[in-house]
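Reviewing the structure listed below.
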Amino acid sequence: MSQLSWIFYHGSMNELHAHYRLLLGLDDQWQVQNVDLQMEANSVVIQLRHSGGKLCCPECQDECSRADTAPTRQWRHLDTMQFETIIEAAIPRSKCDRCGVKTIAVPWAGKHSRFTLMFEAFAIKVLQAASSVSAATKLLKVSWKTAHELMQRGVERGLQRRDTDPIETLGIDEKSFGKGQDYVSLMVDLEGSRVLEVVKDRSEASCDKLFDSLTDEQKSGIRAVAVDFWQAFRNSIVKQVPQAKIVHDHFHISQYLGEAVDLVRRRENKLLRSEGINDLTGTRQLWLYNEETLDDATQKQIEDIRQVAIKTARAWGIKEMFRDFWTYRSGAWAKKFFDRWYAWAIRSKLDPIKKVARMLKKHLAGLLAYFEYSITNAKSEAFNGRVQAIKSAARGFRNFENYRTRILFYCGALKMEPDFSH
Ligand SMILES: [Zn+2]
């Protein structure tokens, strides 16, 4: 016989009431009126009753008289053993001279929630720990929509409570969203390793909106922002945090170089194929690897292809060479290296490479700023994996708010559990 059944059969009703009263953290205002074990429905319905004492206005906290009673409502609570547990109560409405008629606050649940605080707290833990949201919905026995509602409430609580401690370095980045050419922009606290905000689009206005998530003091304390070459973001950064250095980092630059190598490869592949040589086909990924991380077989493969695909090999060499740039200890030495590298890239006779080289030269100040503020979006790139997983798990979020909620829920480092101390 389970513990619960034992209580039901042998314990006194008073004990059971006291048990739930304690579990729910009820104050003197509320009593357990009835505990209804519904064996067929596999559920326990706990009916609560207001003691009838003085009411407190939920807006101004003033004591006031009772207007009437709201219709009976239910809240899902933590399961008791295998029984789904429901709280049922009719909440009195206060009549405040200033605020009018309001439904009073209850100790077991937040405003407008269909769940008790304990259930919400537990659901947040489960959603964070589960391998996927759909796994969590099965464990919690809630719908996908409800899971999102719980996440959203958690994120809202977390954002309201977020501290306004100084932040020194930010990363701002864009991500594709949905199926089309839509984008979202993200702001990341690089030291705190957390996503601060997600907004629609990648315009100057959307970047401005990202900065709205910071206080004025926080904005004036920003020393550096890691960002792509995207002009709209640069405009916003210069305007919002004029004192901050703009820093371009490894991640975006290696992305540009990687794309240039691939462009060279595709052109050369076309040429080679017309001569019946297919060595370059399907090797896109191969040229994105870093030289020292290659295994022997891949190294051999590259060696073989290099004999034929001379241009691709040259482009790859130039890309690989650039990685040395980041190894210098000072901007002055890195600058010397850059000049040599640039001369080589410009003489390469490879248009895509030359184009990236010119772009890097144009933004050299931002590249060299890296040596002063060795920050990088690599950290925000660590989120990339998680954000990517969030995106593919839901196969193209059509609803931006859900997407934002999920990113902040999983990458926002927010304190999302409800507060029980009231
Ligand atoms: Zn009031």
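In the structure tokens, chains take the letters A, B, ... in the order shown, each chain's residues start at 1, and ligands count up from 1 in the order shown.
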
Selection as a PyMOL selection string: residues within 8 Å of ligand 1 by only C-alpha atoms and all ligand atoms: chain A and resi 56-62+64+95-100

Please list as a PDB file with N, CA, C and O atoms, in the first residue's frame every residue within 10 Å of A:Lys219, counting only C-alpha atoms and excluding residues in the same chain fewer than 5 positions away.
ATOM      1  N   PRO A 166      27.716  46.020 -13.359  1.00  0.00           N
ATOM      2  CA  PRO A 166      28.419  46.479 -14.563  1.00  0.00           C
ATOM      3  C   PRO A 166      28.775  45.329 -15.498  1.00  0.00           C
ATOM      4  O   PRO A 166      29.058  44.212 -15.052  1.00  0.00           O
ATOM      5  N   ILE A 167      28.742  45.619 -16.779  1.00  0.00           N
ATOM      6  CA  ILE A 167      29.154  44.665 -17.808  1.00  0.00           C
ATOM      7  C   ILE A 167      30.226  45.361 -18.630  1.00  0.00           C
ATOM      8  O   ILE A 167      30.049  46.517 -19.012  1.00  0.00           O
ATOM      9  N   GLU A 168      31.353  44.699 -18.883  1.00  0.00           N
ATOM     10  CA  GLU A 168      32.437  45.376 -19.594  1.00  0.00           C
ATOM     11  C   GLU A 168      32.488  45.060 -21.075  1.00  0.00           C
ATOM     12  O   GLU A 168      32.836  45.906 -21.881  1.00  0.00           O
ATOM     13  N   PHE A 211      20.254  47.378 -26.940  1.00  0.00           N
ATOM     14  CA  PHE A 211      20.867  48.205 -25.900  1.00  0.00           C
ATOM     15  C   PHE A 211      19.870  48.653 -24.847  1.00  0.00           C
ATOM     16  O   PHE A 211      20.246  48.998 -23.734  1.00  0.00           O
ATOM     17  N   ASP A 212      18.576  48.638 -25.196  1.00  0.00           N
ATOM     18  CA  ASP A 212      17.548  48.992 -24.218  1.00  0.00           C
ATOM     19  C   ASP A 212      17.525  48.030 -23.037  1.00  0.00           C
ATOM     20  O   ASP A 212      16.964  48.346 -21.993  1.00  0.00           O
ATOM     21  N   SER A 213      18.110  46.846 -23.207  1.00  0.00           N
ATOM     22  CA  SER A 213      18.102  45.896 -22.098  1.00  0.00           C
ATOM     23  C   SER A 213      19.166  46.250 -21.051  1.00  0.00           C
ATOM     24  O   SER A 213      19.247  45.611 -20.012  1.00  0.00           O
ATOM     25  N   LEU A 214      19.966  47.263 -21.328  1.00  0.00           N
ATOM     26  CA  LEU A 214      20.981  47.695 -20.360  1.00  0.00           C
ATOM     27  C   LEU A 214      20.547  49.007 -19.703  1.00  0.00           C
ATOM     28  O   LEU A 214      19.844  49.812 -20.312  1.00  0.00           O
ATOM     29  N   GLN A 240      25.254  54.251 -29.368  1.00  0.00           N
ATOM     30  CA  GLN A 240      24.805  53.832 -28.038  1.00  0.00           C
ATOM     31  C   GLN A 240      25.907  53.818 -26.991  1.00  0.00           C
ATOM     32  O   GLN A 240      25.677  54.165 -25.841  1.00  0.00           O
ATOM     33  N   VAL A 241      27.073  53.344 -27.391  1.00  0.00           N
ATOM     34  CA  VAL A 241      28.201  53.249 -26.437  1.00  0.00           C
ATOM     35  C   VAL A 241      29.442  53.846 -27.096  1.00  0.00           C
ATOM     36  O   VAL A 241      30.371  53.115 -27.449  1.00  0.00           O
ATOM     37  N   PRO A 242      29.456  55.182 -27.258  1.00  0.00           N
ATOM     38  CA  PRO A 242      30.523  55.825 -28.025  1.00  0.00           C
ATOM     39  C   PRO A 242      31.922  55.571 -27.448  1.00  0.00           C
ATOM     40  O   PRO A 242      32.906  55.609 -28.184  1.00  0.00           O
ATOM     41  N   GLN A 243      31.991  55.289 -26.154  1.00  0.00           N
ATOM     42  CA  GLN A 243      33.310  55.087 -25.525  1.00  0.00           C
ATOM     43  C   GLN A 243      33.872  53.694 -25.809  1.00  0.00           C
ATOM     44  O   GLN A 243      35.046  53.439 -25.596  1.00  0.00           O
ATOM     45  N   ALA A 244      33.036  52.778 -26.271  1.00  0.00           N
ATOM     46  CA  ALA A 244      33.460  51.379 -26.414  1.00  0.00           C
ATOM     47  C   ALA A 244      34.261  51.155 -27.694  1.00  0.00           C
ATOM     48  O   ALA A 244      33.992  51.762 -28.726  1.00  0.00           O
TER      49      ALA A 244
END

Surrounding residues of A:Ile91 excluding itself and chain neighbours under 5 positions, 10 Å, only C-alpha atoms, as a ChimeraX atom specification: /A:48-50,68-73,103-106

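Look at stretch 18-35 of chain A: the protein and nucleic acid residues within 8 Å of it, using only C-alpha atoms and passing over chain neighbours fewer than 2 places away, are Asn14, Glu15, Leu16, Leu37, Val44, Val45, Ile46, Gln47, Leu48, Arg49, His50, Ser51, Gly52, Gly53, Pro107 and Trp108 of chain A.
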
File of the preceding selection, N, CA and C atoms, as a PDB file, in the first residue's frame:
ATOM      1  N   ASN A  14      -7.918  15.177   9.456  1.00  0.00           N
ATOM      2  CA  ASN A  14      -7.233  16.377   9.930  1.00  0.00           C
ATOM      3  C   ASN A  14      -5.743  16.344   9.615  1.00  0.00           C
ATOM      4  N   GLU A  15      -5.181  15.151   9.790  1.00  0.00           N
ATOM      5  CA  GLU A  15      -3.745  14.997   9.496  1.00  0.00           C
ATOM      6  C   GLU A  15      -3.477  15.278   8.022  1.00  0.00           C
ATOM      7  N   LEU A  16      -4.356  14.745   7.188  1.00  0.00           N
ATOM      8  CA  LEU A  16      -4.198  14.917   5.749  1.00  0.00           C
ATOM      9  C   LEU A  16      -4.319  16.396   5.362  1.00  0.00           C
ATOM     10  N   LEU A  37      -9.907  12.233  -3.268  1.00  0.00           N
ATOM     11  CA  LEU A  37      -9.111  11.281  -4.034  1.00  0.00           C
ATOM     12  C   LEU A  37      -9.998  10.642  -5.099  1.00  0.00           C
ATOM     13  N   VAL A  44      -5.964  13.808  -7.331  1.00  0.00           N
ATOM     14  CA  VAL A  44      -6.378  14.301  -6.023  1.00  0.00           C
ATOM     15  C   VAL A  44      -6.786  15.758  -6.196  1.00  0.00           C
ATOM     16  N   VAL A  45      -7.993  16.077  -5.758  1.00  0.00           N
ATOM     17  CA  VAL A  45      -8.418  17.478  -5.833  1.00  0.00           C
ATOM     18  C   VAL A  45      -8.456  18.023  -4.409  1.00  0.00           C
ATOM     19  N   ILE A  46      -7.664  19.051  -4.180  1.00  0.00           N
ATOM     20  CA  ILE A  46      -7.614  19.655  -2.845  1.00  0.00           C
ATOM     21  C   ILE A  46      -8.405  20.953  -2.880  1.00  0.00           C
ATOM     22  N   GLN A  47      -9.494  20.956  -2.138  1.00  0.00           N
ATOM     23  CA  GLN A  47     -10.327  22.163  -2.133  1.00  0.00           C
ATOM     24  C   GLN A  47      -9.923  23.067  -0.977  1.00  0.00           C
ATOM     25  N   LEU A  48      -9.691  24.310  -1.295  1.00  0.00           N
ATOM     26  CA  LEU A  48      -9.287  25.277  -0.274  1.00  0.00           C
ATOM     27  C   LEU A  48     -10.420  26.264  -0.042  1.00  0.00           C
ATOM     28  N   ARG A  49     -10.458  26.771   1.187  1.00  0.00           N
ATOM     29  CA  ARG A  49     -11.488  27.757   1.506  1.00  0.00           C
ATOM     30  C   ARG A  49     -10.864  28.941   2.210  1.00  0.00           C
ATOM     31  N   HIS A  50     -11.306  30.106   1.829  1.00  0.00           N
ATOM     32  CA  HIS A  50     -10.807  31.307   2.484  1.00  0.00           C
ATOM     33  C   HIS A  50     -11.439  31.437   3.858  1.00  0.00           C
ATOM     34  N   SER A  51     -10.642  31.862   4.840  1.00  0.00           N
ATOM     35  CA  SER A  51     -11.126  31.899   6.221  1.00  0.00           C
ATOM     36  C   SER A  51     -12.158  32.992   6.461  1.00  0.00           C
ATOM     37  N   GLY A  52     -12.214  33.942   5.553  1.00  0.00           N
ATOM     38  CA  GLY A  52     -13.203  35.006   5.718  1.00  0.00           C
ATOM     39  C   GLY A  52     -12.671  36.229   6.430  1.00  0.00           C
ATOM     40  N   GLY A  53     -11.400  36.220   6.741  1.00  0.00           N
ATOM     41  CA  GLY A  53     -10.796  37.370   7.423  1.00  0.00           C
ATOM     42  C   GLY A  53     -10.677  38.580   6.505  1.00  0.00           C
ATOM     43  N   PRO A 107      -1.360  32.613  -1.835  1.00  0.00           N
ATOM     44  CA  PRO A 107       0.025  32.228  -1.522  1.00  0.00           C
ATOM     45  C   PRO A 107       0.571  31.077  -2.373  1.00  0.00           C
ATOM     46  N   TRP A 108      -0.285  30.306  -3.014  1.00  0.00           N
ATOM     47  CA  TRP A 108       0.224  29.110  -3.703  1.00  0.00           C
ATOM     48  C   TRP A 108       0.488  29.308  -5.200  1.00  0.00           C
TER      49      TRP A 108
END

Between atom CA of A:Glu320 and atom CA of A:Leu272 - distance in Å to one decimal: 23.4 Å
